[in-house]
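Novice: Once you've had a glance at the structure underneath, I'll fire off some questions.
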Amino acid sequence: FLKKELGVIPKVGWQIDPFGHSATQGTLMTSGFGFDALYFGRIHYVDLENRQKEAQCEGIWSSKTSPSSSPSASSSVFWGLTGSNRGNYGAPDNFCFDSLCADEPLVGLSEDDLRTRTRGFLNSVGIQASQTKGRNILLTMGSDFQYAQARKNYQNLDLLIDAVGQFLRDGTLNASDFFGDRFDSVRIFYSTPERYTSCKHADLMNSKQRPNTVKRDTSGYEVEESDAKFNPQNWAVKTGDFFPYADCDHCYWTGYFSSRQSLKRLERVGSSFLHAATQIDSMMKLYFSWYKNEPIPRVKERVKIKSTLGKPTRVPSWNSSPFYSLEDAMGVAQHHDAVAGTAKQHVAYDYAKLISSGISDANAFVTANLRRILLSASVSGGALDDLSYCPLLNETVCEVSKQAFENDDNEAIYVFVYNALAHMRSEAISLPVYEDVTYEAYQYNSHVDSWSHVQATLVPNMNYAQVAEAARFSLYLDALEMPPLGFVIFRITKSTTNFHSLSVKNSAVTPSLYHTSREATSSHASNTVTSEPRDEANNLRPRTLVIQSPDDIIINNDIISVKFDRSTGVIQSIQNIDEGGVILEIEQRYGFYTAFSNENSREPEKEDSFNVKGDGMCLPGYINAEGDEMPWLLGSANKWQNAGAYIFRPTTPKESLHTLSPKVPGSVLVFQSNLVTEVHAEFGELGQAPWIKQISRIFHGKNYVEVEYAVGPVPIDDCVGKEVIARYSSSIKNGGKFFSDSNGRQFVGRTLGNHSVFGKDVSLDIEPVASNFYPVNTAMFIEDDEHSFSVLVDRSQAGSSLSEGSLELIIQRRLLHDDSRGVGEPLNETDIGITPCPPFGDATRLGSGVIVKGIHLLKVGKARSGARIAREHMDQVFSRPHMFVASSSKQDQIRLRQLAEIGLKSPLPQNVMIISFVGLEEDDSFLVRLGHQFDDDESVDFSFPVEIDLQDLFPNKSIHSISEKTLSGNQDLSSWEQRRLSWDKTFRERRRKGVVNKASSVVVLEPLEIRTFEIIVK
């Protein structure tokens, strides 16, 4: 957008208000974007205090914590703090001139008063200069909602600039009073972050040209040995990330990692669907000549008038893409208060609405074009007219499959399953169906243009999420060998064959209609329950469920073997048969931490009348809590800091988990088939109804356990907020060390009690629970010399390892107080909604607490293999098979071969993902991003450079030209490499050796590297 509309290519990143900064942000998303520097405000308060003392509030960030051969994973950038190094952003104290600020303006002051204010300003500048190195400092003059009256701001800023120069020139103010002998003059001027970065780079270059022993004189910038503290050569190199973030002693911003779990999941679904939709669009451009010449009309046609040599021409505008509404929604969702879950409730609703609307628009465009491929001119106009993406599969809802069989047994359901990964995969997919009948399932074979029977299993839906429209059953299909960037196609019809119940081989197990194992007697004899095939055509092999009475249930799929407590259905151990039979005992628990509120403070003092919520109404419905942040840094927050949308704080610092007891039912529910086996469990407090329901699934051919949980409504009858936890404890001796991913890329090692601050950390024992949680975007793991254990998540969550051998994640938050960081309302999501917000209402929650469903994948492996076993399925969790469903008469002839043959002719290596495959506006031009998905030393098979022939991505076409771009795709990589600023203190920063082999289309990906190409084909 910036390049196309304004001709601007940014060179500097400025994160206005995120709450912590990832390792990937410091490298791939900074230097990879073509940025020379990154600026932000918030870091841990102890880190900030130590850096202020040592003049290290700016420096070099090389966030790669281990050696790597990848240039994009190891490049250094300059980083610096905004907000005059005070931990946030905005103008220096007393110098905010905006109409929303209470500071006295300079305009209209007498000369003496103006001099006094200027002295105060220079005093602030002197303090800031003492906290960093070099001759240049940055003042960020602005904050939230400001510059609505820009004239007022600039009149005062102009006067301030003039006053500084005038009072220093006439001698009524002296630079030495503020800077000692370090500087003898001051110049203040309007600037930009880009210009400031160039000045800081000049500081570094100048300091290297002068030896430390040279004396200072008035003619230049020279550094004495005693001034080493302020020498840019001595900038500290930051590695790793800036997590956790805390702005005061009991104020750890680790709660937002799990705030608004439903919105976090929707953001992931929208991102995954956009990833797939742009691929499908590109594949159609490659395969069908008519597609680019006669495209389906855009959802919203947008054009602009552009002058070429004085003649107006109509060209596509930057937002003319049919995927624009989804792209826009996903971009807006990256706002630091959007996917973070820290917006007001009605704003969170709006984010969800935008994403859902974007998915709907993209779906309409993709499915309209799919119908054009599938239907011949002879097919009736109503065929497949209900073709649609199913976005609510997590709720077991698909409107097409519901209506297709509702009144007409002559209908057939077609399921088009798209694989967005660059390699072949096999998955058991689940289609919501609503009737208790036998279904015939067939898979299309494009090579012989015919259908063949496939395995299908009907499993009841227990509807733990209490979704009114949910289907009664899930029909599992075995989607084998899904082609890379291609489709597999199923046809499903009703059958007149009766549904067979279980054949029970021990009377101690009571049968039911479905695959259900009920609690046996105390006999020590083994029981065997066998599921019979519904008909011979489905070719379902009987499988066994072994119950070793009286204590356990064991389910085995020949790859893993999982043991469950027979009385509760809770997982007890996982054995990975494929990895030498390694067995890991696991204690699975759910529970909660109670949320701190100053209404039930540990040390209540009635005379303490400090108002933590703030009184100021800056804008309608906006509580001015941000303005109270700085006073918090002056003393302990022990008495008043609530848990809230941002902040995780248990009622006591070392609070133990309040565990929920697994329910001991009259029976443990087990549904078993050849494709999938489910074991159900429920958890709650003794004597109360369970409010966490769990389904553990073991799939045919998979080496993981899928744990689906439904949480809620979280009870608040005791008027106490709760942080709901899923904890997996094992015998692994991890010594307090665990690993979590950074934006789905590198794994960062975490050590219990180590906050990675600069200098001495005096905060270790203040909040030992809250301070040890970190963001988990895709996976976390622990390992030792015998075992490894990883948990993969389907959305971002907070995770930790608070005790030896354990992993725990916050899977839901329901809080009753605000933490005074700007939201101005509690994080209390309900299923009906809210009343209008202030000043039109009081935002009262309506209904019961929401129920949230989520999925964890549990994997067990050999010694020191945690990263490898997690990596194997990270992409599959993000990009689950995408299902498009339609109905048509059984007699309609659907033209399937063309669609079935779409896709890559050759799969890419298992360690490579196509991150982007986007057709550009110019005909036959594509933007492609390829990512190496393994880091160094993670796998003996995949942690090595890999060659990719880009021609393999373009079947039926030949490559005309290849241009490698920065990750942002807005400039040639070679051009940026030539002009980028080097921050390596030895001048040996590594640069890429060659961009593309000009004689061929083969490129090399180093471990964890992402490379971006603009490719033109012919």
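Each chain of the structure tokens is named A, B, ... in the order shown, its residues numbered from 1; ligands are numbered from 1 in display order.
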Residues near range 168-174 of chain A, anyone? I mean within 12 Å using only C-alpha atoms, not counting same-chain ones fewer than 6 positions away, as a short mmCIF file (atom, residue, chain, number, x, y, z; two decimals) with C-alpha atoms, in the first residue's frame.

Specialist:
data_model
loop_
_atom_site.label_atom_id
_atom_site.label_comp_id
_atom_site.auth_asym_id
_atom_site.auth_seq_id
_atom_site.Cartn_x
_atom_site.Cartn_y
_atom_site.Cartn_z
CA GLU A 111 9.87 35.16 29.07
CA ASP A 112 10.83 34.19 32.63
CA LEU A 114 9.18 30.22 29.34
CA ARG A 115 12.82 30.05 30.49
CA THR A 116 11.77 28.07 33.57
CA ARG A 117 9.82 25.61 31.45
CA THR A 118 12.70 25.33 28.99
CA ARG A 119 15.06 24.57 31.86
CA GLY A 120 12.73 21.77 32.93
CA PHE A 121 12.66 20.44 29.38
CA LEU A 122 16.46 20.42 29.08
CA ASN A 123 16.73 18.73 32.44
CA GLY A 126 19.82 15.55 30.03
CA ILE A 161 12.47 24.60 19.61
CA ASP A 162 13.06 28.36 19.33
CA GLY A 180 28.13 18.16 32.39
CA ASP A 181 31.19 18.13 30.16
CA PHE A 183 28.07 18.10 25.47
CA ASP A 184 28.53 21.85 25.11
CA SER A 185 25.58 22.51 22.82
CA VAL A 186 22.10 21.22 22.08
CA ARG A 187 20.12 21.26 18.87
CA ILE A 188 16.47 20.25 18.81
#

Novice: Could you give me, as a PyMOL selection string, the residues within 8 Å of Asp761 in chain A, counting only C-alpha atoms and dropping anything in the same chain fewer than 4 positions from it?

Specialist: chain A and resi 46-47+755+757

Novice: Emit the selected residues as a PDB file, in the first residue's frame, including C-alpha atoms.

Specialist:
ATOM      1  CA  VAL A  46      13.783  -4.141  36.235  1.00  0.00           C
ATOM      2  CA  ASP A  47      15.289  -4.353  32.756  1.00  0.00           C
ATOM      3  CA  HIS A 755      13.322 -13.062  33.167  1.00  0.00           C
ATOM      4  CA  VAL A 757      16.610  -8.784  32.040  1.00  0.00           C
TER       5      VAL A 757
END

Novice: Got a sec: who's within 9 Å of range 82-89 of chain A, counting only C-alpha atoms, leaving out chain neighbours fewer than 5 positions off, as a VMD selection string?

Specialist: chain A and resid 16 to 17 39 to 45 48 52 57 124 to 125 127 to 128 131 137 to 143 247 630

Novice: Pull N, CA, C and O atoms from the residues just selected and write them as a CSV table (one decimal), in the first residue's frame.

Specialist:
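The result, written out as part.csv:
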chain,number,residue,atom,x,y,z
A,16,ILE,N,4.2,0.8,18.4
A,16,ILE,CA,3.8,1.8,19.3
A,16,ILE,C,3.5,1.3,20.7
A,16,ILE,O,3.9,1.8,21.7
A,17,ASP,N,2.8,0.1,20.8
A,17,ASP,CA,2.3,-0.2,22.2
A,17,ASP,C,2.2,-1.7,22.4
A,17,ASP,O,1.3,-2.1,23.1
A,39,TYR,N,11.8,0.3,17.0
A,39,TYR,CA,11.6,1.1,18.3
A,39,TYR,C,10.3,0.7,19.0
A,39,TYR,O,9.3,0.4,18.3
A,40,PHE,N,10.4,0.7,20.3
A,40,PHE,CA,9.2,0.4,21.1
A,40,PHE,C,9.4,0.9,22.5
A,40,PHE,O,10.5,1.5,22.8
A,41,GLY,N,8.4,0.8,23.3
A,41,GLY,CA,8.4,1.5,24.6
A,41,GLY,C,8.5,0.6,25.8
A,41,GLY,O,9.2,0.9,26.8
A,42,ARG,N,7.8,-0.6,25.8
A,42,ARG,CA,7.6,-1.4,27.0
A,42,ARG,C,8.7,-2.5,27.1
A,42,ARG,O,8.8,-3.3,26.2
A,43,ILE,N,9.4,-2.5,28.2
A,43,ILE,CA,10.2,-3.6,28.6
A,43,ILE,C,10.0,-3.8,30.1
A,43,ILE,O,9.5,-2.9,30.8
A,44,HIS,N,10.5,-4.9,30.6
A,44,HIS,CA,10.4,-5.3,32.0
A,44,HIS,C,10.9,-4.1,32.9
A,44,HIS,O,12.0,-3.6,32.6
A,45,TYR,N,10.2,-3.8,34.0
A,45,TYR,CA,10.6,-2.6,34.8
A,45,TYR,C,12.0,-2.8,35.4
A,45,TYR,O,12.7,-1.8,35.5
A,48,LEU,N,14.4,-2.1,32.5
A,48,LEU,CA,14.4,-0.7,32.2
A,48,LEU,C,15.3,0.0,33.2
A,48,LEU,O,16.1,0.9,32.9
A,52,GLN,N,18.7,2.1,32.3
A,52,GLN,CA,18.8,3.5,32.5
A,52,GLN,C,20.1,3.8,33.2
A,52,GLN,O,20.8,4.8,32.9
A,57,CYS,N,19.7,1.9,27.1
A,57,CYS,CA,18.3,2.0,26.7
A,57,CYS,C,18.2,1.9,25.1
A,57,CYS,O,17.1,2.0,24.6
A,124,SER,N,15.0,17.2,31.5
A,124,SER,CA,14.5,15.9,31.1
A,124,SER,C,15.4,15.4,30.0
A,124,SER,O,15.7,14.1,29.9
A,125,VAL,N,15.8,16.2,29.0
A,125,VAL,CA,16.7,15.8,27.9
A,125,VAL,C,18.0,15.3,28.5
A,125,VAL,O,18.5,14.3,28.0
A,127,ILE,N,18.6,14.0,31.4
A,127,ILE,CA,18.4,12.6,32.0
A,127,ILE,C,18.3,11.6,31.0
A,127,ILE,O,19.0,10.5,31.1
A,128,GLN,N,17.6,11.8,29.9
A,128,GLN,CA,17.4,10.8,28.8
A,128,GLN,C,18.8,10.6,28.2
A,128,GLN,O,19.1,9.4,27.8
A,131,GLN,N,21.1,8.1,29.7
A,131,GLN,CA,20.6,6.7,29.7
A,131,GLN,C,20.9,6.0,28.4
A,131,GLN,O,20.5,4.8,28.3
A,137,ILE,N,19.4,11.7,20.7
A,137,ILE,CA,18.3,11.1,21.4
A,137,ILE,C,17.0,11.4,20.7
A,137,ILE,O,16.9,12.4,20.0
A,138,LEU,N,16.0,10.6,21.0
A,138,LEU,CA,14.7,10.6,20.3
A,138,LEU,C,13.6,11.0,21.3
A,138,LEU,O,13.5,10.4,22.3
A,139,LEU,N,12.8,12.1,20.9
A,139,LEU,CA,11.7,12.5,21.7
A,139,LEU,C,10.4,12.2,20.9
A,139,LEU,O,10.3,12.7,19.8
A,140,THR,N,9.6,11.4,21.5
A,140,THR,CA,8.3,11.0,20.8
A,140,THR,C,7.2,11.9,21.3
A,140,THR,O,6.6,11.6,22.4
A,141,MET,N,6.8,12.9,20.5
A,141,MET,CA,5.9,13.9,21.0
A,141,MET,C,4.5,13.6,20.5
A,141,MET,O,4.0,14.1,19.5
A,142,GLY,N,3.8,12.7,21.2
A,142,GLY,CA,2.5,12.3,20.9
A,142,GLY,C,2.0,11.1,21.5
A,142,GLY,O,2.9,10.3,22.0
A,143,SER,N,0.7,10.8,21.6
A,143,SER,CA,0.2,9.6,22.2
A,143,SER,C,-1.2,9.3,21.7
A,143,SER,O,-1.7,9.9,20.7
A,247,ASP,N,5.3,-3.9,34.2
A,247,ASP,CA,5.6,-2.5,34.4
A,247,ASP,C,5.7,-2.1,35.9
A,247,ASP,O,5.9,-1.0,36.2
A,630,MET,N,2.2,5.8,35.1
A,630,MET,CA,3.5,6.2,35.6
A,630,MET,C,3.5,6.3,37.1
A,630,MET,O,4.5,5.8,37.7

Novice: I'd like to know which residues of range 715-935 of chain A are alpha helix (DSSP H) (by DSSP, run on the backbone); could you write them as JSON, numbers by chain?

Specialist: {"A": [866, 867, 868, 869, 870, 871, 872, 873, 874, 875, 876, 877, 878, 897, 898, 899, 900]}

Novice: Put those residues in a file: C-alpha atoms, as a PDB file, in the first residue's frame.

Specialist:
ATOM      1  CA  GLY A 866      11.147 -32.051  21.692  1.00  0.00           C
ATOM      2  CA  ALA A 867      11.629 -29.563  18.873  1.00  0.00           C
ATOM      3  CA  ARG A 868      11.559 -32.256  16.192  1.00  0.00           C
ATOM      4  CA  ILE A 869       8.366 -33.953  17.343  1.00  0.00           C
ATOM      5  CA  ALA A 870       6.659 -30.570  17.659  1.00  0.00           C
ATOM      6  CA  ARG A 871       7.808 -29.368  14.224  1.00  0.00           C
ATOM      7  CA  GLU A 872       6.408 -32.480  12.544  1.00  0.00           C
ATOM      8  CA  HIS A 873       2.845 -31.269  13.080  1.00  0.00           C
ATOM      9  CA  MET A 874       3.037 -27.485  13.578  1.00  0.00           C
ATOM     10  CA  ASP A 875       2.057 -26.766   9.984  1.00  0.00           C
ATOM     11  CA  GLN A 876      -0.700 -29.387  10.026  1.00  0.00           C
ATOM     12  CA  VAL A 877      -2.251 -27.784  13.102  1.00  0.00           C
ATOM     13  CA  PHE A 878      -2.210 -24.329  11.506  1.00  0.00           C
ATOM     14  CA  ARG A 897     -11.382 -34.341 -13.262  1.00  0.00           C
ATOM     15  CA  GLN A 898     -10.206 -30.798 -13.850  1.00  0.00           C
ATOM     16  CA  LEU A 899     -10.465 -29.887 -10.186  1.00  0.00           C
ATOM     17  CA  ALA A 900      -8.925 -33.148  -9.007  1.00  0.00           C
TER      18      ALA A 900
END

Novice: With distances taken over only C-alpha atoms, which residue among A:Gln345, A:Ser430, A:Ser958, A:Ser495 lies nearest Asp409 in chain A?

Specialist: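 The answer is A:Ser495, which sits nearest to Asp409 in chain A.
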
Novice: For Thr342 in chain A, which residue among A:Pro662, A:Pro18, A:Gly358, A:Pro836 is the nearest when counting only C-alpha atoms?

Specialist: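 Ranking A:Pro662, A:Pro18, A:Gly358, A:Pro836 by distance to Thr342 in chain A, first place goes to A:Pro18.
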
Novice: Which residue out of A:Thr751, A:Gln588, A:Ser848, A:Gln261 has the minimum interatomic distance to Gly735 in chain A when only C-alpha atoms are used?

Specialist: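 Nearest candidate to Gly735 in chain A out of A:Thr751, A:Gln588, A:Ser848, A:Gln261: A:Thr751.
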
Novice: Measuring atom to atom with only C-alpha atoms, identify which of A:Ser259, A:Ser916, A:Ser130, A:Thr192 is nearest to Asn828 in chain A.

Specialist: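 When distances to Asn828 in chain A are compared using only C-alpha atoms, the smallest one comes from A:Ser259.
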
Novice: May I have the residues within 9 Å of Leu807 in chain A as number ranges by chain, using only C-alpha atoms and disregarding those fewer than 6 positions away in the same chain?

Specialist: A: 726-730, 738, 780-782, 789-791, 799-801

Novice: Give me, as a PyMOL selection string, all polymer residues having an atom no more than 7 Å from Val918 in chain A, counting only C-alpha atoms and skipping those fewer than 4 positions away in the same chain.

Specialist: chain A and resi 278-279+282+926-928

Novice: Measuring between only C-alpha atoms, which one of A:Gly569, A:Gly759, A:Pro322, A:Pro105 shows the shortest distance to Pro665 in chain A?

Specialist: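 The closest residue to Pro665 in chain A is A:Gly569.
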
Novice: Between range 309-416 of chain A and range 283-288 of chain A, at 10 Å or less, what are the per-residue closest atom pairs and their distances in Å? Count only C-alpha atoms, order by chain and rising residue number, and return it as JSON lines.

Specialist:
{"residue": "A:Val366", "atom": "CA", "partner": "A:Met284", "partner_atom": "CA", "distance": 9.9}
{"residue": "A:Asn369", "atom": "CA", "partner": "A:Met284", "partner_atom": "CA", "distance": 8.5}
{"residue": "A:Leu370", "atom": "CA", "partner": "A:Met284", "partner_atom": "CA", "distance": 9.0}
{"residue": "A:Ile373", "atom": "CA", "partner": "A:Phe288", "partner_atom": "CA", "distance": 8.9}

Novice: Counting only C-alpha atoms, figure out which residue out of A:Gln572, A:Thr652, A:Leu421, A:Ile948 gets nearest to Ser272 in chain A.

Specialist: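 The closest residue to Ser272 in chain A is A:Leu421.
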
Novice: Please identify all polymer residues within 8 Å of range 767-773 of chain A, counting only C-alpha atoms, omitting same-chain residues fewer than 4 positions from it, and present them as a ChimeraX atom specification.

Specialist: /A:244,249-250,252,254,648-650,653-655,752-753,755,763,798-802

Novice: In Å to one decimal, how far is CA of Ala779 in chain A from CA of Glu708 in chain A?

Specialist: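 Separation between CA of Glu708 in chain A and CA of Ala779 in chain A: 15.7 Å.
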